[in-house]
file target-v5.cif (mmCIF, C-alpha atoms)
data_structure
loop_
_atom_site.label_atom_id
_atom_site.label_comp_id
_atom_site.auth_asym_id
_atom_site.auth_seq_id
_atom_site.Cartn_x
_atom_site.Cartn_y
_atom_site.Cartn_z
CA MET A 29 13.79 1.92 -0.12
CA HIS A 30 11.84 0.49 2.79
CA GLU A 31 13.91 -2.69 2.85
CA VAL A 32 15.59 -1.69 6.12
CA GLY A 33 12.16 -1.60 7.76
CA ILE A 34 11.25 -4.94 6.18
CA ALA A 35 14.54 -6.48 7.36
CA ALA A 36 13.97 -5.09 10.87
CA SER A 37 10.47 -6.64 10.92
CA ILE A 38 11.88 -10.02 9.84
CA LEU A 39 14.50 -9.82 12.59
CA GLY A 40 11.77 -8.87 15.05
CA SER A 41 10.08 -12.20 14.30
CA VAL A 42 13.36 -14.05 14.78
CA GLU A 43 13.99 -12.28 18.09
CA ALA A 44 10.50 -13.14 19.29
CA GLU A 45 11.26 -16.83 18.61
CA ALA A 46 14.67 -16.47 20.27
CA ARG A 47 13.00 -15.29 23.47
CA ARG A 48 10.74 -18.33 23.41
CA ARG A 49 13.68 -20.69 22.90
CA PRO A 50 16.55 -19.72 25.17
CA GLY A 51 19.81 -21.34 24.16
CA ALA A 52 18.70 -22.17 20.62
CA HIS A 53 21.12 -21.46 17.79
CA PHE A 54 19.47 -19.82 14.81
CA GLN A 55 20.97 -20.64 11.42
CA ALA A 56 18.56 -19.27 8.86
CA VAL A 57 15.28 -17.47 8.41
CA GLY A 58 13.17 -18.22 5.35
CA VAL A 59 10.96 -15.56 3.80
CA ARG A 60 8.60 -15.55 0.85
CA ILE A 61 8.50 -12.43 -1.30
CA GLY A 62 6.06 -11.93 -4.14
CA GLU A 63 7.00 -10.05 -7.27
CA LEU A 64 4.14 -7.61 -6.52
CA ALA A 65 5.34 -6.97 -2.96
CA ASN A 66 7.62 -4.14 -4.05
CA VAL A 67 10.59 -5.48 -2.16
CA ASP A 68 14.00 -5.60 -3.79
CA LYS A 69 15.86 -8.81 -2.96
CA GLU A 70 19.33 -7.31 -3.07
CA ALA A 71 18.44 -4.24 -1.05
CA LEU A 72 16.81 -6.54 1.50
CA ALA A 73 19.92 -8.76 1.70
CA PHE A 74 22.08 -5.68 2.18
CA ALA A 75 19.83 -4.26 4.91
CA PHE A 76 19.63 -7.66 6.62
CA GLU A 77 23.41 -7.97 6.71
CA ALA A 78 23.84 -4.43 7.98
CA LEU A 79 21.31 -4.96 10.78
CA THR A 80 22.73 -8.31 11.94
CA ARG A 81 26.43 -7.41 11.80
CA ASN A 82 28.11 -7.63 15.21
CA THR A 83 24.92 -8.86 16.84
CA ALA A 84 23.95 -12.25 18.26
CA LEU A 85 22.31 -12.98 14.88
CA ALA A 86 25.43 -12.15 12.82
CA ASN A 87 25.58 -15.61 11.22
CA LEU A 88 21.89 -15.85 10.45
CA ARG A 89 21.25 -16.63 6.77
CA LEU A 90 18.38 -15.01 4.92
CA GLU A 91 16.73 -17.49 2.54
CA VAL A 92 14.37 -15.89 0.05
CA GLU A 93 11.74 -17.74 -1.93
CA TRP A 94 10.76 -15.45 -4.79
CA CYS A 95 7.09 -15.89 -5.74
CA LEU A 96 5.80 -15.06 -9.21
CA ARG A 97 2.28 -13.79 -9.80
CA ARG A 98 -0.23 -16.62 -10.00
CA GLN A 99 -3.86 -16.53 -11.09
CA ARG A 100 -6.78 -18.92 -10.75
CA CYS A 101 -9.32 -19.21 -13.55
CA LEU A 102 -12.84 -18.44 -12.33
CA ASP A 103 -14.31 -20.55 -15.17
CA CYS A 104 -12.26 -23.75 -15.25
CA GLY A 105 -10.36 -23.51 -11.96
CA ALA A 106 -6.90 -23.90 -13.50
CA GLU A 107 -4.05 -22.20 -11.66
CA PHE A 108 -1.10 -20.78 -13.54
CA VAL A 109 1.96 -18.54 -13.30
CA VAL A 110 1.52 -15.27 -15.19
CA GLN A 111 3.91 -14.94 -18.11
CA LYS A 112 4.46 -11.69 -19.97
CA LEU A 113 1.57 -9.96 -18.16
CA ASN A 114 -0.97 -12.29 -19.72
CA LEU A 115 -3.72 -12.78 -17.12
CA ASN A 116 -5.92 -14.92 -19.38
CA CYS A 117 -6.34 -18.58 -18.45
CA GLU A 118 -3.67 -20.78 -20.01
CA THR A 119 -6.03 -23.73 -20.15
CA CYS A 120 -9.37 -22.38 -21.40
CA GLY A 121 -8.50 -18.83 -22.47
CA SER A 122 -11.02 -17.22 -20.10
CA GLN A 123 -10.40 -13.59 -19.18
CA LYS A 124 -11.98 -14.11 -15.77
CA THR A 125 -9.10 -14.97 -13.46
CA SER A 126 -8.19 -13.76 -10.00
CA CYS A 127 -4.83 -13.20 -8.38
CA ILE A 128 -3.83 -15.93 -5.90
CA GLY A 129 -0.10 -15.31 -5.54
CA GLY A 130 2.66 -12.80 -6.04
CA THR A 131 1.94 -10.40 -3.17
CA GLU A 132 3.56 -12.53 -0.45
CA LEU A 133 5.66 -10.92 2.24
CA ASP A 134 5.87 -13.68 4.83
CA VAL A 135 8.27 -15.13 7.34
CA ALA A 136 7.93 -18.81 6.45
CA TYR A 137 10.36 -20.71 8.67
CA LEU A 138 13.44 -20.72 10.87
CA GLU A 139 16.31 -23.17 10.78
CA LEU A 140 17.59 -23.70 14.29
CA GLU A 141 19.35 -26.05 16.64
CA GLU A 142 18.08 -26.37 20.15
CA PRO A 143 20.42 -27.37 22.97
CA CYS A 144 20.26 -31.04 23.98
CA VAL A 145 18.14 -31.53 27.02
CA LYS A 146 20.07 -33.56 29.60
CA LEU A 147 17.82 -35.86 31.53
CA MET B 12 15.64 -28.48 12.43
CA ARG B 13 13.13 -26.41 10.55
CA GLU B 14 10.49 -24.58 12.52
CA VAL B 15 7.49 -23.32 10.57
CA ILE B 16 6.64 -19.71 11.46
CA GLU B 17 4.17 -18.57 8.79
CA LYS B 18 3.43 -15.02 9.64
CA LYS B 19 3.31 -11.79 7.73
CA VAL B 20 6.52 -9.79 7.81
CA LEU B 21 4.44 -6.68 8.47
CA ASN B 22 2.14 -8.37 10.97
CA GLU B 23 2.54 -5.56 13.52
CA ASN B 24 1.54 -2.98 10.91
CA ASP B 25 -1.33 -5.20 9.78
CA ARG B 26 -2.55 -5.52 13.38
CA LEU B 27 -2.59 -1.73 13.83
CA ALA B 28 -4.24 -1.29 10.43
CA GLY B 29 -6.94 -3.71 11.58
CA GLU B 30 -7.54 -1.51 14.63
CA LEU B 31 -7.77 1.56 12.40
CA ARG B 32 -10.24 -0.24 10.12
CA GLN B 33 -12.41 -1.07 13.12
CA ARG B 34 -12.23 2.52 14.33
CA TYR B 35 -13.26 3.83 10.90
CA ARG B 36 -16.19 1.41 10.90
CA ASP B 37 -17.25 2.37 14.43
CA GLU B 38 -17.05 6.11 13.74
CA ASP B 39 -18.34 5.99 10.17
CA ILE B 40 -15.15 7.39 8.67
CA LEU B 41 -14.32 6.76 5.04
CA CYS B 42 -10.54 6.65 4.73
CA VAL B 43 -8.79 6.78 1.35
CA ASN B 44 -5.03 6.39 0.90
CA ILE B 45 -3.73 8.52 -1.96
CA ILE B 46 -0.47 7.40 -3.53
CA SER B 47 1.60 8.67 -6.47
CA SER B 48 5.05 9.71 -7.59
CA PRO B 49 6.29 13.06 -6.27
CA GLY B 50 4.71 15.86 -8.28
CA SER B 51 1.73 14.00 -9.73
CA GLY B 52 -0.71 16.45 -8.18
CA LYS B 53 -1.93 14.81 -4.96
CA THR B 54 -1.96 18.06 -2.99
CA ALA B 55 -3.53 20.10 -5.79
CA MET B 56 -6.28 17.50 -6.20
CA LEU B 57 -6.94 17.54 -2.46
CA GLU B 58 -7.09 21.34 -2.42
CA ARG B 59 -9.74 21.30 -5.12
CA THR B 60 -11.53 18.47 -3.35
CA LEU B 61 -11.65 20.29 -0.01
CA ALA B 62 -12.86 23.44 -1.78
CA SER B 63 -15.79 21.42 -3.15
CA PHE B 64 -17.18 20.52 0.27
CA HIS B 65 -19.23 22.70 2.56
CA GLN B 66 -17.91 23.41 6.03
CA GLY B 67 -20.77 21.39 7.54
CA ILE B 68 -19.26 18.06 6.57
CA SER B 69 -16.54 16.45 8.63
CA LEU B 70 -13.35 16.07 6.61
CA ALA B 71 -9.72 15.75 7.58
CA VAL B 72 -6.38 15.30 5.85
CA LEU B 73 -3.22 13.59 7.01
CA THR B 74 -0.41 14.46 4.66
CA GLY B 75 2.97 12.75 4.69
CA ASP B 76 6.29 14.18 3.58
CA LEU B 77 9.92 13.53 4.34
CA GLN B 78 10.40 17.16 5.31
CA THR B 79 8.49 20.48 5.55
CA ASP B 80 4.88 21.26 6.37
CA ASN B 81 4.31 23.02 3.04
CA ASP B 82 1.49 20.70 2.01
CA ALA B 83 -0.32 21.06 5.33
CA LYS B 84 -0.14 24.84 5.01
CA ARG B 85 -1.62 24.67 1.51
CA LEU B 86 -4.40 22.35 2.62
CA ALA B 87 -5.22 24.15 5.88
CA ARG B 88 -6.59 27.15 3.95
CA TYR B 89 -9.88 25.34 3.34
CA GLY B 90 -10.96 25.28 6.98
CA PHE B 91 -10.79 21.54 7.62
CA PRO B 92 -8.42 19.87 10.09
CA VAL B 93 -5.11 19.04 8.42
CA ARG B 94 -2.09 17.44 9.98
CA GLN B 95 1.37 17.10 8.49
CA ILE B 96 3.21 13.87 9.19
CA VAL B 97 6.90 14.61 8.74
CA THR B 98 8.48 11.19 8.35
CA GLY B 99 12.03 12.50 8.59
CA GLY B 100 13.26 10.35 5.73
CA THR B 101 10.93 7.37 5.91
CA CYS B 102 9.54 6.81 2.43
CA HIS B 103 5.99 5.81 3.37
CA LEU B 104 3.33 6.19 6.05
CA ASP B 105 2.61 3.22 8.30
CA ALA B 106 -0.37 2.39 10.49
CA ARG B 107 1.43 3.47 13.65
CA MET B 108 2.05 7.00 12.33
CA VAL B 109 -1.55 7.33 11.18
CA THR B 110 -2.88 6.14 14.54
CA ARG B 111 -0.69 8.57 16.47
CA HIS B 112 -1.57 11.59 14.35
CA LEU B 113 -5.25 10.71 14.22
CA ASP B 114 -5.28 10.57 18.04
CA GLN B 115 -3.49 13.90 18.30
CA MET B 116 -5.75 15.55 15.75
CA GLY B 117 -8.87 14.38 17.56
CA PHE B 118 -10.79 13.83 14.33
CA ARG B 119 -14.18 12.17 14.86
CA GLY B 120 -16.58 10.70 12.33
CA PRO B 121 -18.84 10.53 10.54
CA GLY B 122 -16.75 11.96 7.77
CA ILE B 123 -13.98 11.41 5.25
CA LEU B 124 -10.29 11.10 6.05
CA PHE B 125 -7.90 11.71 3.16
CA VAL B 126 -4.44 10.29 3.69
CA GLU B 127 -1.94 11.83 1.31
CA ASN B 128 0.95 9.40 1.34
CA VAL B 129 4.61 10.27 0.77
CA GLY B 130 5.29 10.78 -2.94
CA ASN B 131 6.55 7.32 -3.88
CA LEU B 132 5.05 4.55 -6.01
CA VAL B 133 6.93 1.73 -4.31
CA CYS B 134 7.01 1.58 -0.52
CA PRO B 135 3.57 3.01 0.40
CA SER B 136 1.90 0.14 -1.43
CA SER B 137 3.17 -2.39 1.15
CA TYR B 138 1.66 -0.70 4.20
CA ASP B 139 -2.00 -1.18 5.00
CA LEU B 140 -3.38 1.93 6.72
CA GLY B 141 -6.84 0.49 7.30
CA GLU B 142 -8.16 2.47 4.34
CA ALA B 143 -11.30 1.62 2.38
CA ALA B 144 -9.36 2.14 -0.85
CA LYS B 145 -5.95 2.92 -2.20
CA ILE B 146 -6.03 5.48 -4.99
CA VAL B 147 -3.12 5.84 -7.38
CA LEU B 148 -2.50 9.06 -9.31
CA LEU B 149 -0.69 9.24 -12.61
CA SER B 150 -0.14 12.59 -14.29
CA VAL B 151 -0.03 13.14 -18.03
CA THR B 152 3.55 14.40 -17.77
CA GLU B 153 4.69 10.91 -16.75
CA GLY B 154 4.95 7.85 -18.99
CA GLU B 155 2.04 5.64 -20.04
CA ASP B 156 4.12 2.64 -18.97
CA LYS B 157 4.22 3.58 -15.28
CA PRO B 158 1.69 0.85 -14.40
CA LEU B 159 4.00 -1.73 -15.97
CA LYS B 160 7.05 -0.35 -14.16
CA TYR B 161 5.32 -0.20 -10.77
CA PRO B 162 2.83 -3.07 -10.89
CA GLY B 163 2.57 -3.46 -7.11
CA ILE B 164 0.66 -0.25 -6.49
CA PHE B 165 -1.53 -0.52 -9.60
CA HIS B 166 -2.41 -4.06 -8.52
CA ARG B 167 -3.53 -2.86 -5.07
CA ALA B 168 -5.24 0.42 -5.99
CA SER B 169 -9.02 0.41 -6.49
CA LEU B 170 -8.94 3.59 -8.53
CA MET B 171 -6.47 5.17 -10.91
CA ILE B 172 -6.78 8.90 -11.39
CA LEU B 173 -5.17 10.52 -14.39
CA THR B 174 -4.25 14.07 -13.35
CA LYS B 175 -3.30 17.28 -15.18
CA THR B 176 -5.53 16.49 -18.17
CA ASP B 177 -5.52 20.21 -19.08
CA LEU B 178 -1.95 19.60 -20.28
CA LEU B 179 -2.93 16.84 -22.73
CA PRO B 180 -2.82 19.12 -25.79
CA HIS B 181 0.80 19.97 -24.96
CA VAL B 182 2.27 16.55 -24.18
CA GLU B 183 2.57 13.26 -25.99
CA PHE B 184 0.57 11.15 -23.62
CA ASP B 185 -2.01 8.56 -24.62
CA PRO B 186 -4.57 8.13 -21.79
CA LYS B 187 -6.03 5.03 -23.47
CA LEU B 188 -2.64 3.32 -23.49
CA ALA B 189 -2.01 4.25 -19.84
CA LEU B 190 -5.35 2.73 -18.84
CA GLU B 191 -4.70 -0.37 -20.97
CA ASN B 192 -1.39 -0.83 -19.19
CA ALA B 193 -3.00 -0.42 -15.77
CA ARG B 194 -5.67 -2.99 -16.68
CA LYS B 195 -2.99 -5.46 -17.82
CA ILE B 196 -1.90 -5.49 -14.18
CA HIS B 197 -5.33 -5.02 -12.60
CA PRO B 198 -8.27 -5.62 -14.96
CA GLU B 199 -10.86 -4.28 -12.47
CA ILE B 200 -9.13 -0.98 -11.65
CA GLU B 201 -11.49 1.97 -11.93
CA TYR B 202 -10.49 5.10 -13.81
CA ILE B 203 -11.14 8.82 -13.63
CA ALA B 204 -9.34 11.57 -15.58
CA LEU B 205 -9.28 15.04 -14.08
CA SER B 206 -7.63 18.42 -13.98
CA SER B 207 -7.28 20.25 -10.68
CA ARG B 208 -6.83 23.43 -12.65
CA THR B 209 -10.00 23.34 -14.76
CA ARG B 210 -12.07 21.06 -12.46
CA GLU B 211 -12.73 18.76 -15.41
CA GLY B 212 -13.47 15.30 -13.98
CA PHE B 213 -14.17 16.52 -10.43
CA PRO B 214 -17.88 15.64 -10.48
CA GLU B 215 -16.90 12.04 -11.34
CA TRP B 216 -14.29 11.96 -8.58
CA LEU B 217 -16.68 13.31 -5.94
CA ASN B 218 -19.35 10.84 -7.11
CA TRP B 219 -16.85 8.03 -6.82
CA LEU B 220 -16.12 9.03 -3.22
CA GLN B 221 -19.82 9.21 -2.44
CA GLY B 222 -20.34 5.77 -3.99
CA LEU B 223 -17.53 4.33 -1.88
CA ARG B 224 -19.07 5.87 1.21
CA GLU B 225 -22.44 4.30 0.46
CA LYS B 226 -20.78 0.95 -0.14
CA ALA B 227 -19.01 1.24 3.24
CA HIS B 228 -22.36 2.02 4.90
CA GLN B 229 -23.97 -1.03 3.31
CA GLU B 230 -21.10 -3.24 4.43
CA ALA B 231 -21.30 -1.85 7.97
CA ALA B 232 -25.07 -2.48 8.02
CA ALA B 233 -24.52 -6.04 6.79
CA ILE B 234 -22.03 -6.71 9.61
CA SER B 235 -24.20 -5.31 12.41
#

call {"tool": "encode", "arguments": {"input": "target-v5.cif", "output": "structure tokens"}}
result
Amino acid sequence: MHEVGIAASILGSVEAEARRRPGAHFQAVGVRIGELANVDKEALAFAFEALTRNTALANLRLEVEWCLRRQRCLDCGAEFVVQKLNLNCETCGSQKTSCIGGTELDVAYLELEEPCVKL
Amino acid sequence: MREVIEKKVLNENDRLAGELRQRYRDEDILCVNIISSPGSGKTAMLERTLASFHQGISLAVLTGDLQTDNDAKRLARYGFPVRQIVTGGTCHLDARMVTRHLDQMGFRGPGILFVENVGNLVCPSSYDLGEAAKIVLLSVTEGEDKPLKYPGIFHRASLMILTKTDLLPHVEFDPKLALENARKIHPEIEYIALSSRTREGFPEWLNWLQGLREKAHQEAAAIS
């Protein structure tokens, strides 16, 4: 249950951007979470809502891109999503593959509107 | 409009962990981060481990718990510096806590720093503490399918230690199946089975630590 800390870190990134962009209206923050990141989506959504309620970011949406584990074959170079814990290459059957995705815990983007600049 | 940010959620922790890693390199400290469920035998293994070293070597333990300094009291009996990190409810240690307590303890290398994380297989795996290796413990009184239920930590750990092997005759636990499950998640994970009660497996564990230390020395020499 460290989702409150994770949500607070995400909001910290948003607040850092808010300081750089006075007057901007923030609509959404996009995060990428890997299935190996040990973060529960629903607990995160709950923590995010609790932390933003009655604040300037109360209407901020949390958009989660859930990332499955992906491997790259060290023999043939094929990249594939791991199904049913099978780490062997889908293309050539090699057992030599390395993990290239599924551990993400990133703030990817912000959706925002900046005030019109009057010339 | 969409503004690309692209940064790690835990970038502040990662920054502090990077500073710790540099400090460990500069002072020749081997840091290992020990993670398991509550009650898997982290403290007992550390007690036996500390008892195996002579006083001449520089060792220290940071031990995390939600409440009480019971573990620190147990570990302090071996004459090495031990510090309890009481997290007050937080379910993991982060790089900031480790930095603060390391500063207060005044531990200096060369030596080995054991970080005993809060008993939890989930949250500690997300927080880099600058360690050379994460070590996950699984005791024979748990299920062989733990690696499949908690893939995140088994994916990140360099070593899996099966603990309480003296109980194997009394429990239905198949070590081979547990290791197979761990290697489904992390094919390269190393494996040691031990008992803190009988000391079975301790020579392998101490050798593993020594090997990791030598590897860290070689890497440091390659950098400088």

call {"tool": "residues_around", "arguments": {"input": "target-v5.cif", "residues": "stretch 176-181 of chain B", "least_positions_apart": "3", "cutoff": "10 Å", "atoms": "all atoms listed in the file", "output": "PyMOL selection string"}}
result
chain B and resi 150-152+173+184-186+204-212

call {"tool": "residues_around", "arguments": {"input": "target-v5.cif", "residues": "B:Glu153", "least_positions_apart": "4", "cutoff": "9 Å", "atoms": "all atoms listed in the file", "output": "list of chain:residue names"}}
result
B:Ser51, B:Leu149, B:Lys157, B:Phe184

call {"tool": "closest_residue", "arguments": {"input": "target-v5.cif", "among": "B:Ser47, B:Ile123, B:Ala87, B:His103", "to": "B:Ser69", "atoms": "only C-alpha atoms"}}
result
B:Ile123

call {"tool": "axis_aligned_box", "arguments": {"input": "target-v5.cif", "around": "stretch 127-131 of chain A", "padding_each_side": "3 Å", "output": "AutoDock Vina command-line options"}}
result
--center_x -1.1 --center_y -13.2 --center_z -5.8 --size_x 13.5 --size_y 11.5 --size_z 11.2

call {"tool": "interface_residues", "arguments": {"input": "target-v5.cif", "of": "chain A", "to": "chain B", "cutoff": "7 Å", "atoms": "all atoms listed in the file", "output": "PyMOL selection string"}}
result
chain A and resi 29-30+34+37-38+64-66+113+133-141

call {"tool": "write_last_selection", "arguments": {"input": "target-v5.cif", "atoms": "C-alpha atoms", "output": "compact mmCIF listing (two decimals), in the frame of the given file"}}
result
# COMPACT_ATOMS: atom_id res chain seq x y z
CA MET A 29 13.79 1.92 -0.12
CA HIS A 30 11.84 0.49 2.79
CA ILE A 34 11.25 -4.94 6.18
CA SER A 37 10.47 -6.64 10.92
CA ILE A 38 11.88 -10.02 9.84
CA LEU A 64 4.14 -7.61 -6.52
CA ALA A 65 5.34 -6.97 -2.96
CA ASN A 66 7.62 -4.14 -4.05
CA LEU A 113 1.57 -9.96 -18.16
CA LEU A 133 5.66 -10.92 2.24
CA ASP A 134 5.87 -13.68 4.83
CA VAL A 135 8.27 -15.13 7.34
CA ALA A 136 7.93 -18.81 6.45
CA TYR A 137 10.36 -20.71 8.67
CA LEU A 138 13.44 -20.72 10.87
CA GLU A 139 16.31 -23.17 10.78
CA LEU A 140 17.59 -23.70 14.29
CA GLU A 141 19.35 -26.05 16.64

call {"tool": "residues_around", "arguments": {"input": "target-v5.cif", "residues": "stretch 142-145 of chain B", "least_positions_apart": "2", "cutoff": "7 Å", "atoms": "all atoms listed in the file", "output": "list of chain:residue names"}}
result
B:Arg32, B:Leu41, B:Cys42, B:Val43, B:Asn44, B:Ile45, B:Leu140, B:Val147, B:Arg167, B:Ala168, B:Ser169

call {"tool": "residues_around", "arguments": {"input": "target-v5.cif", "residues": "B:Leu31", "least_positions_apart": "4", "cutoff": "12 Å", "atoms": "all atoms listed in the file", "output": "list in words"}}
result
Asn24, Asp25, Arg26, Leu27, Tyr35, Arg36, Asp37, Glu38, Asp39, Ile40, Leu41, Cys42, Asp105, Ala106, Arg107, Met108, Val109, Thr110, Arg111, His112, Leu113, Asp114, Leu124, Asp139, Leu140, Gly141, Glu142 and Ala143 of chain B

call {"tool": "residues_near_point", "arguments": {"input": "target-v5.cif", "point": "(-16.6, 24.6, -6.0)", "cutoff": "12 Å", "atoms": "only C-alpha atoms", "output": "MDAnalysis selection string"}}
result
chainID B and resid 58:65 89 207:211 213:214 217

call {"tool": "closest_residue", "arguments": {"input": "target-v5.cif", "among": "B:Tyr138, B:Leu57, B:Glu183, B:Ile172", "to": "B:Gly29", "atoms": "all atoms listed in the file"}}
result
B:Tyr138

call {"tool": "atom_distance", "arguments": {"input": "target-v5.cif", "atom1": "atom CA of A:Pro143", "atom2": "atom CA of A:Phe54"}}
result
11.2 Å

call {"tool": "atom_distance", "arguments": {"input": "target-v5.cif", "atom1": "atom CA of A:Arg48", "atom2": "atom CA of A:Phe74"}}
result
27.2 Å
